[in-house]
Amino acid sequence: MAEFDATSGRRVLVTGGAGYIGSHTCLELLQAGHHVTVLDNLCNSSLESLKRVESLAGRSLTFMQGDIRDFELLRRVLVGPNNECPAFDAVVHFAGLKAVGESVSQPLAYFDNNLSGTVCLLRAMTEAGVKTLVFSSSATVYGDPASVPISEDFPRSATNPYGRSKLVIEDMLADLYRSDPAWRIARLRYFNPVGAHVSGLIGEDPSGAPNNLMPYVSQVAIGRREYLQVFGGDYPTPDGTGVRDYIHVADLASGHLAAIRALWQADSQTGCLLTVNLGTGVGVSVLDLVKAFERASGRPVPYRIVARRAGDVAACYANPVLAQTLLGWRTQRNLADMCADAWRWQSRNPHGYRQAAATGGA
Ligand code: NAD
Ligand code: UDP
């Protein structure tokens, strides 16, 4: 039986809410009528994203600059100013470091931020009695899958410290649920989030040269970079380039709403532990994406095929059926939408949020 009316007015704490996926999810939460508080240390984001979220939603949110490793701060936030324990109905936990290559050269930074930060958050949630959590996991926990599409019961493995941090957190959450079935936890395994809000006002803002394909392609199309390096043309895929499951960030954000609703509807005595792929189920090669982007932008995307990137797998795409069954959620947007929206964001904000923050406008 549903414990809450999940349709509006719930209080949600979003860690890492100023970031790429967090900002789109905050917008969804506000548009669904929830009260949003963001805790973010802004190590990989800017407040400008949240200003734009507020203007798109026509509603405000509460922002607190802080670190998830600060236990006293978290406890104060979760208990609330008047000790109205608990002060939140759910936490959506995005905060963390996410660059695979950096995690190889700085593993301790990743274990400290992602693992210690999550332990700290979970301890504070336990003290405050907030036991509903949505966690950002990743398809990286599938390592090099034996076959595609990938279902949630596939074996998991880690090939780098970032992936290991996600894998260990997934296990920690399972242990926590087993220790106390009052927890209601969703472990969402994202495939490849891309694109931007259709307004072109919020989007992905990588600092330095992008590691990921879509922002790199966007920067080639806008002329910030000369050409794309396609990492490997000899994979056992239809055109020899790597195949991935690109998911529009707005679909991903709505997947979080669906997950929170499912958690709120779960029995608070027996709790639940959901583990769900968020993907489209469609495999897209690097060259498919380049062609779709050229069509969406009307700009050429020159590329050169170079050696494979260490650690890359040939193909990785989801079996998305469980999300449909458990959450009643499926993606709405296709590759053309992803490219059109990424291009709108890129062409309206050629330097991301930085230029707007410096000049005080979009
Ligand atoms: P992002 O870097 O844009 O957002 C993360 C946010 O967390 C940033 O605003 C950053 O400032 C904040 N943050 C980092 N460490 C913090 C700390 N210790 N305390 C408080 N705030 C902190 O990344 P994103 O792409 O929005 O990813 C969000 C989550 O989703 C991450 O956990 C990431 O690992 C996961 N994920 C992302 C992808 C992807 O391709 N983008 C894929 C799978 C999973
Ligand atoms: N890719 C590429 N050139 C780039 C970035 C990525 O060819 O500059 C390829 C990469 O080898 C993979 C796909 O694009 O096949 C998606 O890579 P991305 O880093 O975006 O995501 P992930 O590796 O996490 O799936």
# chains A, B, ... in the order shown; residues from 1 in each chain; ligands from 1
>>> residues_near_ligand(ligand="ligand 2", cutoff="7 Å", atoms="only C-alpha atoms and all ligand atoms", output="list in words")
Asn192, Asn211, Asn212, Leu213, Met214, Tyr216, Leu228, Gln229, Val230, Phe231, Gly232, Thr241, Gly242, Val243, Arg244, Val286, Arg308, Arg309, Asp312 and Ala314 of chain A
>>> write_last_selection(atoms="N, CA and C atoms", output="PDB file, in the first residue's frame")
ATOM      1  N   ASN A 192      24.750   5.189 -21.343  1.00  0.00           N
ATOM      2  CA  ASN A 192      25.560   6.367 -21.687  1.00  0.00           C
ATOM      3  C   ASN A 192      24.695   7.627 -21.780  1.00  0.00           C
ATOM      4  N   ASN A 211      36.197  13.582 -22.241  1.00  0.00           N
ATOM      5  CA  ASN A 211      36.557  12.163 -22.362  1.00  0.00           C
ATOM      6  C   ASN A 211      35.500  11.404 -23.142  1.00  0.00           C
ATOM      7  N   ASN A 212      34.274  11.888 -23.084  1.00  0.00           N
ATOM      8  CA  ASN A 212      33.143  11.133 -23.638  1.00  0.00           C
ATOM      9  C   ASN A 212      32.856  11.550 -25.072  1.00  0.00           C
ATOM     10  N   LEU A 213      32.238  10.628 -25.794  1.00  0.00           N
ATOM     11  CA  LEU A 213      32.064  10.810 -27.239  1.00  0.00           C
ATOM     12  C   LEU A 213      31.185  12.022 -27.595  1.00  0.00           C
ATOM     13  N   MET A 214      29.965  12.083 -27.045  1.00  0.00           N
ATOM     14  CA  MET A 214      29.029  13.121 -27.513  1.00  0.00           C
ATOM     15  C   MET A 214      29.553  14.545 -27.287  1.00  0.00           C
ATOM     16  N   TYR A 216      32.567  15.465 -27.149  1.00  0.00           N
ATOM     17  CA  TYR A 216      33.712  15.657 -28.053  1.00  0.00           C
ATOM     18  C   TYR A 216      33.209  15.960 -29.463  1.00  0.00           C
ATOM     19  N   LEU A 228      37.571  14.355 -34.599  1.00  0.00           N
ATOM     20  CA  LEU A 228      37.334  13.326 -33.586  1.00  0.00           C
ATOM     21  C   LEU A 228      38.297  12.178 -33.814  1.00  0.00           C
ATOM     22  N   GLN A 229      38.857  11.679 -32.731  1.00  0.00           N
ATOM     23  CA  GLN A 229      39.601  10.415 -32.834  1.00  0.00           C
ATOM     24  C   GLN A 229      38.625   9.297 -32.517  1.00  0.00           C
ATOM     25  N   VAL A 230      38.438   8.412 -33.476  1.00  0.00           N
ATOM     26  CA  VAL A 230      37.566   7.246 -33.237  1.00  0.00           C
ATOM     27  C   VAL A 230      38.465   6.133 -32.710  1.00  0.00           C
ATOM     28  N   PHE A 231      38.190   5.730 -31.480  1.00  0.00           N
ATOM     29  CA  PHE A 231      39.072   4.768 -30.822  1.00  0.00           C
ATOM     30  C   PHE A 231      38.755   3.332 -31.259  1.00  0.00           C
ATOM     31  N   GLY A 232      39.389   2.914 -32.343  1.00  0.00           N
ATOM     32  CA  GLY A 232      39.247   1.537 -32.804  1.00  0.00           C
ATOM     33  C   GLY A 232      38.239   1.390 -33.921  1.00  0.00           C
ATOM     34  N   THR A 241      33.341  -0.054 -35.170  1.00  0.00           N
ATOM     35  CA  THR A 241      33.553   0.899 -34.067  1.00  0.00           C
ATOM     36  C   THR A 241      32.694   0.486 -32.865  1.00  0.00           C
ATOM     37  N   GLY A 242      33.046   1.018 -31.699  1.00  0.00           N
ATOM     38  CA  GLY A 242      32.408   0.607 -30.450  1.00  0.00           C
ATOM     39  C   GLY A 242      30.912   0.928 -30.433  1.00  0.00           C
ATOM     40  N   VAL A 243      30.153   0.022 -29.846  1.00  0.00           N
ATOM     41  CA  VAL A 243      28.692   0.185 -29.785  1.00  0.00           C
ATOM     42  C   VAL A 243      28.276   0.442 -28.335  1.00  0.00           C
ATOM     43  N   ARG A 244      27.426   1.470 -28.146  1.00  0.00           N
ATOM     44  CA  ARG A 244      26.955   1.828 -26.814  1.00  0.00           C
ATOM     45  C   ARG A 244      25.453   2.118 -26.848  1.00  0.00           C
ATOM     46  N   VAL A 286      29.979   4.306 -32.908  1.00  0.00           N
ATOM     47  CA  VAL A 286      30.564   5.659 -32.927  1.00  0.00           C
ATOM     48  C   VAL A 286      30.219   6.341 -34.255  1.00  0.00           C
ATOM     49  N   ARG A 308      42.564   1.491 -30.562  1.00  0.00           N
ATOM     50  CA  ARG A 308      41.560   1.309 -29.505  1.00  0.00           C
ATOM     51  C   ARG A 308      42.006   2.034 -28.233  1.00  0.00           C
ATOM     52  N   ARG A 309      41.043   2.478 -27.424  1.00  0.00           N
ATOM     53  CA  ARG A 309      41.353   3.073 -26.126  1.00  0.00           C
ATOM     54  C   ARG A 309      41.430   1.939 -25.101  1.00  0.00           C
ATOM     55  N   ASP A 312      38.377  -0.147 -23.180  1.00  0.00           N
ATOM     56  CA  ASP A 312      37.066  -0.085 -23.845  1.00  0.00           C
ATOM     57  C   ASP A 312      36.565  -1.478 -24.213  1.00  0.00           C
ATOM     58  N   ALA A 314      33.822  -3.784 -26.734  1.00  0.00           N
ATOM     59  CA  ALA A 314      33.294  -3.671 -28.094  1.00  0.00           C
ATOM     60  C   ALA A 314      31.848  -3.151 -28.076  1.00  0.00           C
TER      61      ALA A 314
END
>>> residues_near_ligand(ligand="ligand 1", cutoff="6 Å", atoms="only C-alpha atoms and all ligand atoms", output="PDB file with N, CA, C and O atoms, in the first residue's frame")
ATOM      1  N   GLY A  16      25.048  16.326  -5.258  1.00  0.00           N
ATOM      2  CA  GLY A  16      25.597  16.467  -6.614  1.00  0.00           C
ATOM      3  C   GLY A  16      24.568  17.005  -7.594  1.00  0.00           C
ATOM      4  O   GLY A  16      24.682  16.808  -8.805  1.00  0.00           O
ATOM      5  N   GLY A  17      23.588  17.724  -7.093  1.00  0.00           N
ATOM      6  CA  GLY A  17      22.466  18.183  -7.934  1.00  0.00           C
ATOM      7  C   GLY A  17      22.822  19.277  -8.912  1.00  0.00           C
ATOM      8  O   GLY A  17      22.052  19.558  -9.833  1.00  0.00           O
ATOM      9  N   ALA A  18      24.007  19.922  -8.737  1.00  0.00           N
ATOM     10  CA  ALA A  18      24.385  20.980  -9.689  1.00  0.00           C
ATOM     11  C   ALA A  18      25.040  20.393 -10.938  1.00  0.00           C
ATOM     12  O   ALA A  18      25.270  21.107 -11.913  1.00  0.00           O
ATOM     13  N   GLY A  19      25.354  19.103 -10.920  1.00  0.00           N
ATOM     14  CA  GLY A  19      26.053  18.474 -12.040  1.00  0.00           C
ATOM     15  C   GLY A  19      25.130  18.169 -13.214  1.00  0.00           C
ATOM     16  O   GLY A  19      23.957  18.575 -13.243  1.00  0.00           O
ATOM     17  N   TYR A  20      25.684  17.437 -14.155  1.00  0.00           N
ATOM     18  CA  TYR A  20      24.980  17.177 -15.427  1.00  0.00           C
ATOM     19  C   TYR A  20      23.650  16.444 -15.220  1.00  0.00           C
ATOM     20  O   TYR A  20      22.572  16.968 -15.536  1.00  0.00           O
ATOM     21  N   ILE A  21      23.712  15.257 -14.666  1.00  0.00           N
ATOM     22  CA  ILE A  21      22.469  14.477 -14.527  1.00  0.00           C
ATOM     23  C   ILE A  21      21.630  15.052 -13.381  1.00  0.00           C
ATOM     24  O   ILE A  21      20.400  15.128 -13.461  1.00  0.00           O
ATOM     25  N   GLY A  22      22.331  15.510 -12.324  1.00  0.00           N
ATOM     26  CA  GLY A  22      21.619  16.074 -11.174  1.00  0.00           C
ATOM     27  C   GLY A  22      20.763  17.268 -11.551  1.00  0.00           C
ATOM     28  O   GLY A  22      19.610  17.383 -11.105  1.00  0.00           O
ATOM     29  N   ASP A  40      25.985  20.258  -2.802  1.00  0.00           N
ATOM     30  CA  ASP A  40      27.017  20.049  -3.827  1.00  0.00           C
ATOM     31  C   ASP A  40      28.233  20.870  -3.439  1.00  0.00           C
ATOM     32  O   ASP A  40      28.081  22.011  -2.987  1.00  0.00           O
ATOM     33  N   ASN A  41      29.426  20.311  -3.612  1.00  0.00           N
ATOM     34  CA  ASN A  41      30.627  21.106  -3.296  1.00  0.00           C
ATOM     35  C   ASN A  41      31.137  21.860  -4.525  1.00  0.00           C
ATOM     36  O   ASN A  41      32.172  22.530  -4.450  1.00  0.00           O
ATOM     37  N   LEU A  42      30.455  21.743  -5.646  1.00  0.00           N
ATOM     38  CA  LEU A  42      30.758  22.453  -6.896  1.00  0.00           C
ATOM     39  C   LEU A  42      32.155  22.122  -7.430  1.00  0.00           C
ATOM     40  O   LEU A  42      32.741  22.918  -8.152  1.00  0.00           O
ATOM     41  N   CYS A  43      32.671  20.918  -7.103  1.00  0.00           N
ATOM     42  CA  CYS A  43      34.016  20.581  -7.601  1.00  0.00           C
ATOM     43  C   CYS A  43      33.990  20.308  -9.100  1.00  0.00           C
ATOM     44  O   CYS A  43      35.023  20.354  -9.758  1.00  0.00           O
ATOM     45  N   ASN A  44      32.808  19.993  -9.645  1.00  0.00           N
ATOM     46  CA  ASN A  44      32.741  19.739 -11.087  1.00  0.00           C
ATOM     47  C   ASN A  44      31.488  20.378 -11.687  1.00  0.00           C
ATOM     48  O   ASN A  44      30.893  19.844 -12.613  1.00  0.00           O
ATOM     49  N   SER A  45      31.075  21.504 -11.136  1.00  0.00           N
ATOM     50  CA  SER A  45      29.831  22.121 -11.627  1.00  0.00           C
ATOM     51  C   SER A  45      29.804  23.579 -11.208  1.00  0.00           C
ATOM     52  O   SER A  45      30.689  24.032 -10.479  1.00  0.00           O
ATOM     53  N   GLY A  66      28.445  22.233   0.059  1.00  0.00           N
ATOM     54  CA  GLY A  66      29.074  21.406   1.088  1.00  0.00           C
ATOM     55  C   GLY A  66      29.462  20.072   0.500  1.00  0.00           C
ATOM     56  O   GLY A  66      29.112  19.742  -0.633  1.00  0.00           O
ATOM     57  N   ASP A  67      30.182  19.328   1.324  1.00  0.00           N
ATOM     58  CA  ASP A  67      30.779  18.077   0.862  1.00  0.00           C
ATOM     59  C   ASP A  67      30.087  16.893   1.544  1.00  0.00           C
ATOM     60  O   ASP A  67      29.818  16.935   2.752  1.00  0.00           O
ATOM     61  N   ILE A  68      29.828  15.853   0.784  1.00  0.00           N
ATOM     62  CA  ILE A  68      29.159  14.687   1.383  1.00  0.00           C
ATOM     63  C   ILE A  68      30.053  13.965   2.398  1.00  0.00           C
ATOM     64  O   ILE A  68      29.581  13.098   3.119  1.00  0.00           O
ATOM     65  N   ARG A  69      31.332  14.331   2.449  1.00  0.00           N
ATOM     66  CA  ARG A  69      32.200  13.710   3.467  1.00  0.00           C
ATOM     67  C   ARG A  69      32.154  14.463   4.791  1.00  0.00           C
ATOM     68  O   ARG A  69      32.832  14.087   5.735  1.00  0.00           O
ATOM     69  N   PHE A  94      23.841  11.671  -6.351  1.00  0.00           N
ATOM     70  CA  PHE A  94      24.669  11.769  -7.564  1.00  0.00           C
ATOM     71  C   PHE A  94      26.125  12.105  -7.250  1.00  0.00           C
ATOM     72  O   PHE A  94      26.989  11.895  -8.099  1.00  0.00           O
ATOM     73  N   ALA A  95      26.387  12.707  -6.077  1.00  0.00           N
ATOM     74  CA  ALA A  95      27.712  13.297  -5.830  1.00  0.00           C
ATOM     75  C   ALA A  95      28.802  12.238  -5.936  1.00  0.00           C
ATOM     76  O   ALA A  95      28.694  11.159  -5.356  1.00  0.00           O
ATOM     77  N   GLY A  96      29.836  12.572  -6.671  1.00  0.00           N
ATOM     78  CA  GLY A  96      30.958  11.650  -6.806  1.00  0.00           C
ATOM     79  C   GLY A  96      31.840  12.090  -7.959  1.00  0.00           C
ATOM     80  O   GLY A  96      31.474  12.979  -8.733  1.00  0.00           O
ATOM     81  N   LEU A  97      32.992  11.449  -8.056  1.00  0.00           N
ATOM     82  CA  LEU A  97      33.900  11.697  -9.177  1.00  0.00           C
ATOM     83  C   LEU A  97      33.650  10.616 -10.224  1.00  0.00           C
ATOM     84  O   LEU A  97      33.336   9.468  -9.870  1.00  0.00           O
ATOM     85  N   LYS A  98      33.819  10.953 -11.503  1.00  0.00           N
ATOM     86  CA  LYS A  98      33.345  10.014 -12.541  1.00  0.00           C
ATOM     87  C   LYS A  98      34.306   9.784 -13.705  1.00  0.00           C
ATOM     88  O   LYS A  98      33.933   9.126 -14.670  1.00  0.00           O
ATOM     89  N   ASN A 113      36.309  10.037  -2.148  1.00  0.00           N
ATOM     90  CA  ASN A 113      35.109  10.792  -2.513  1.00  0.00           C
ATOM     91  C   ASN A 113      33.885   9.881  -2.649  1.00  0.00           C
ATOM     92  O   ASN A 113      32.839  10.115  -2.035  1.00  0.00           O
ATOM     93  N   GLY A 117      32.563   9.084   1.000  1.00  0.00           N
ATOM     94  CA  GLY A 117      31.447  10.047   0.939  1.00  0.00           C
ATOM     95  C   GLY A 117      30.109   9.343   1.074  1.00  0.00           C
ATOM     96  O   GLY A 117      29.208   9.790   1.788  1.00  0.00           O
ATOM     97  N   SER A 136      23.171   6.509  -8.036  1.00  0.00           N
ATOM     98  CA  SER A 136      23.682   6.502  -9.413  1.00  0.00           C
ATOM     99  C   SER A 136      24.721   5.422  -9.571  1.00  0.00           C
ATOM    100  O   SER A 136      25.895   5.633  -9.265  1.00  0.00           O
ATOM    101  N   SER A 137      24.324   4.266 -10.053  1.00  0.00           N
ATOM    102  CA  SER A 137      25.328   3.288 -10.426  1.00  0.00           C
ATOM    103  C   SER A 137      25.559   3.401 -11.934  1.00  0.00           C
ATOM    104  O   SER A 137      25.148   4.394 -12.554  1.00  0.00           O
ATOM    105  N   SER A 138      26.200   2.413 -12.502  1.00  0.00           N
ATOM    106  CA  SER A 138      26.630   2.579 -13.888  1.00  0.00           C
ATOM    107  C   SER A 138      26.728   1.223 -14.573  1.00  0.00           C
ATOM    108  O   SER A 138      27.018   0.206 -13.925  1.00  0.00           O
ATOM    109  N   TYR A 190      23.108   3.372 -15.050  1.00  0.00           N
ATOM    110  CA  TYR A 190      22.961   4.176 -16.260  1.00  0.00           C
ATOM    111  C   TYR A 190      23.823   3.602 -17.367  1.00  0.00           C
ATOM    112  O   TYR A 190      24.966   3.223 -17.137  1.00  0.00           O
ATOM    113  N   ASN A 192      24.750   5.189 -21.343  1.00  0.00           N
ATOM    114  CA  ASN A 192      25.560   6.367 -21.687  1.00  0.00           C
ATOM    115  C   ASN A 192      24.695   7.627 -21.780  1.00  0.00           C
ATOM    116  O   ASN A 192      24.078   7.878 -22.829  1.00  0.00           O
ATOM    117  N   PRO A 193      24.654   8.426 -20.713  1.00  0.00           N
ATOM    118  CA  PRO A 193      23.806   9.628 -20.730  1.00  0.00           C
ATOM    119  C   PRO A 193      24.380  10.681 -21.681  1.00  0.00           C
ATOM    120  O   PRO A 193      25.569  10.982 -21.628  1.00  0.00           O
TER     121      PRO A 193
END
>>> closest_atom_pairs(of="range 268-342 of chain A", to="range 252-263 of chain A", cutoff="9 Å", atoms="only C-alpha atoms", output="tab-separated table")
residue	atom	partner	partner_atom	distance
A:Ser268	CA	A:Leu263	CA	8.9
A:Gly271	CA	A:Leu263	CA	8.1
A:Cys272	CA	A:Leu263	CA	7.2
A:Leu273	CA	A:Leu263	CA	8.7
A:Leu274	CA	A:Leu263	CA	8.5
A:Leu278	CA	A:Leu252	CA	6.8
A:Gly279	CA	A:Leu252	CA	8.1
A:Ala323	CA	A:Gly255	CA	8.4
A:Leu326	CA	A:Ala262	CA	7.7
A:Leu327	CA	A:Ala258	CA	5.5
A:Gly328	CA	A:Ala258	CA	7.2
A:Trp329	CA	A:Gly255	CA	6.3
A:Arg330	CA	A:Gly255	CA	7.8
A:Thr331	CA	A:Leu252	CA	7.9
>>> residues_around(residues="Leu322 in chain A", least_positions_apart="3", cutoff="9 Å", atoms="only C-alpha atoms", output="list in words")
Ser151, Glu152, Thr275, Val276, Asn277, Asn319, Thr325, Leu326, Leu327 and Gly328 of chain A
>>> closest_residue(among="A:Ala292, A:Val284, A:Ala318, A:Val249", to="Ile202 in chain A", atoms="only C-alpha atoms")
A:Val249
>>> atom_distance(atom1="CA of Ser46 in chain A", atom2="CA of Arg354 in chain A")
8.0 Å
>>> atom_distance(atom1="CA of Ala209 in chain A", atom2="CA of Ala342 in chain A")
16.4 Å
>>> select_by_dssp(residues="range 127-330 of chain A", states="helix (DSSP H, G or I)", output="PyMOL selection string")
chain A and resi 127-128+139-142+161-179+213-221+249-265+286-297+321-327
>>> select_by_dssp(residues="range 175-334 of chain A", states="strand (DSSP E or B)", output="PyMOL selection string")
chain A and resi 184-190+192-194+228-231+243-244+246-248+272-278+284-285+303-306+315-316+318
>>> residues_around(residues="range 75-92 of chain A", least_positions_apart="4", cutoff="10 Å", atoms="only C-alpha atoms", output="MDAnalysis selection string")
chainID A and resid 4 6 9:17 22 25:26 35:39 64 70:71 120:136 184:186 256:257 260 263:264
>>> write_last_selection(atoms="C-alpha atoms", output="PDB file, in the first residue's frame")
ATOM      1  CA  PHE A   4       2.884   8.677   0.593  1.00  0.00           C
ATOM      2  CA  ALA A   6       4.047  10.549  -4.339  1.00  0.00           C
ATOM      3  CA  GLY A   9       5.044  17.979  -2.330  1.00  0.00           C
ATOM      4  CA  ARG A  10       7.671  15.531  -1.070  1.00  0.00           C
ATOM      5  CA  ARG A  11      11.050  16.752   0.233  1.00  0.00           C
ATOM      6  CA  VAL A  12      14.033  15.445  -1.682  1.00  0.00           C
ATOM      7  CA  LEU A  13      17.733  15.974  -0.952  1.00  0.00           C
ATOM      8  CA  VAL A  14      19.843  15.770  -4.101  1.00  0.00           C
ATOM      9  CA  THR A  15      23.598  15.311  -3.600  1.00  0.00           C
ATOM     10  CA  GLY A  16      25.597  16.467  -6.614  1.00  0.00           C
ATOM     11  CA  GLY A  17      22.466  18.183  -7.934  1.00  0.00           C
ATOM     12  CA  GLY A  22      21.619  16.074 -11.174  1.00  0.00           C
ATOM     13  CA  THR A  25      16.752  15.538 -12.343  1.00  0.00           C
ATOM     14  CA  CYS A  26      16.235  18.589 -10.095  1.00  0.00           C
ATOM     15  CA  HIS A  35      10.669  20.423  -2.713  1.00  0.00           C
ATOM     16  CA  VAL A  36      14.307  20.139  -3.685  1.00  0.00           C
ATOM     17  CA  THR A  37      17.438  20.775  -1.627  1.00  0.00           C
ATOM     18  CA  VAL A  38      20.792  20.402  -3.393  1.00  0.00           C
ATOM     19  CA  LEU A  39      24.011  19.639  -1.539  1.00  0.00           C
ATOM     20  CA  MET A  64      23.780  24.263   0.189  1.00  0.00           C
ATOM     21  CA  ASP A  70      31.216  16.329   6.076  1.00  0.00           C
ATOM     22  CA  PHE A  71      29.211  14.173   8.488  1.00  0.00           C
ATOM     23  CA  CYS A 120      29.208   9.255   5.476  1.00  0.00           C
ATOM     24  CA  LEU A 121      25.907   9.982   3.730  1.00  0.00           C
ATOM     25  CA  LEU A 122      24.449   6.611   4.715  1.00  0.00           C
ATOM     26  CA  ARG A 123      25.476   7.080   8.363  1.00  0.00           C
ATOM     27  CA  ALA A 124      23.841  10.504   8.474  1.00  0.00           C
ATOM     28  CA  MET A 125      20.695   9.143   6.780  1.00  0.00           C
ATOM     29  CA  THR A 126      20.544   6.325   9.325  1.00  0.00           C
ATOM     30  CA  GLU A 127      20.801   8.779  12.240  1.00  0.00           C
ATOM     31  CA  ALA A 128      18.148  11.028  10.750  1.00  0.00           C
ATOM     32  CA  GLY A 129      15.830   8.121   9.907  1.00  0.00           C
ATOM     33  CA  VAL A 130      15.832   8.940   6.174  1.00  0.00           C
ATOM     34  CA  LYS A 131      15.912   5.502   4.596  1.00  0.00           C
ATOM     35  CA  THR A 132      14.830   6.073   1.012  1.00  0.00           C
ATOM     36  CA  LEU A 133      17.720   6.366  -1.450  1.00  0.00           C
ATOM     37  CA  VAL A 134      18.251   6.465  -5.186  1.00  0.00           C
ATOM     38  CA  PHE A 135      21.867   5.758  -6.131  1.00  0.00           C
ATOM     39  CA  SER A 136      23.682   6.502  -9.413  1.00  0.00           C
ATOM     40  CA  ARG A 184      14.082   1.473   0.355  1.00  0.00           C
ATOM     41  CA  ILE A 185      16.923   1.642  -2.147  1.00  0.00           C
ATOM     42  CA  ALA A 186      17.142   1.900  -5.936  1.00  0.00           C
ATOM     43  CA  HIS A 256      14.761   8.852 -11.326  1.00  0.00           C
ATOM     44  CA  LEU A 257      11.253  10.159 -10.738  1.00  0.00           C
ATOM     45  CA  ILE A 260      11.473   7.434  -6.319  1.00  0.00           C
ATOM     46  CA  LEU A 263      10.309   3.403  -3.563  1.00  0.00           C
ATOM     47  CA  TRP A 264       7.634   5.547  -1.958  1.00  0.00           C
TER      48      TRP A 264
END
>>> residues_around(residues="range 156-172 of chain A", least_positions_apart="2", cutoff="10 Å", atoms="only C-alpha atoms", output="PyMOL selection string")
chain A and resi 96-116+118-119+122+135-145+152-154+174-178+186-189+275+311-312
>>> decode(residues="range 64-69 of chain A", atoms="all heavy atoms", output="short mmCIF file (atom, residue, chain, number, x, y, z; two decimals), in the first residue's frame")
data_model
loop_
_atom_site.label_atom_id
_atom_site.label_comp_id
_atom_site.auth_asym_id
_atom_site.auth_seq_id
_atom_site.Cartn_x
_atom_site.Cartn_y
_atom_site.Cartn_z
N MET A 64 22.79 24.22 -0.88
CA MET A 64 23.78 24.26 0.19
C MET A 64 25.10 23.82 -0.39
O MET A 64 25.19 22.71 -0.94
CB MET A 64 23.40 23.32 1.32
CG MET A 64 21.99 23.57 1.80
SD MET A 64 21.61 22.66 3.26
CE MET A 64 22.55 23.57 4.44
N GLN A 65 26.10 24.69 -0.29
CA GLN A 65 27.42 24.27 -0.77
C GLN A 65 28.10 23.47 0.34
O GLN A 65 28.26 23.97 1.46
CB GLN A 65 28.28 25.48 -1.15
CG GLN A 65 29.60 25.03 -1.74
CD GLN A 65 30.32 26.11 -2.54
OE1 GLN A 65 29.79 27.21 -2.71
NE2 GLN A 65 31.50 25.79 -3.03
N GLY A 66 28.44 22.23 0.06
CA GLY A 66 29.07 21.41 1.09
C GLY A 66 29.46 20.07 0.50
O GLY A 66 29.11 19.74 -0.63
N ASP A 67 30.18 19.33 1.32
CA ASP A 67 30.78 18.08 0.86
C ASP A 67 30.09 16.89 1.54
O ASP A 67 29.82 16.93 2.75
CB ASP A 67 32.27 18.09 1.23
CG ASP A 67 33.05 17.06 0.45
OD1 ASP A 67 32.81 15.85 0.65
OD2 ASP A 67 33.91 17.45 -0.35
N ILE A 68 29.83 15.85 0.78
CA ILE A 68 29.16 14.69 1.38
C ILE A 68 30.05 13.97 2.40
O ILE A 68 29.58 13.10 3.12
CB ILE A 68 28.66 13.66 0.33
CG1 ILE A 68 29.80 13.24 -0.60
CG2 ILE A 68 27.48 14.20 -0.44
CD1 ILE A 68 29.48 11.98 -1.40
N ARG A 69 31.33 14.33 2.45
CA ARG A 69 32.20 13.71 3.47
C ARG A 69 32.15 14.46 4.79
O ARG A 69 32.83 14.09 5.74
CB ARG A 69 33.64 13.63 2.94
CG ARG A 69 33.77 12.63 1.80
CD ARG A 69 35.04 12.83 1.03
NE ARG A 69 35.01 14.10 0.30
CZ ARG A 69 35.97 14.54 -0.50
NH1 ARG A 69 37.04 13.81 -0.68
NH2 ARG A 69 35.86 15.71 -1.12
#
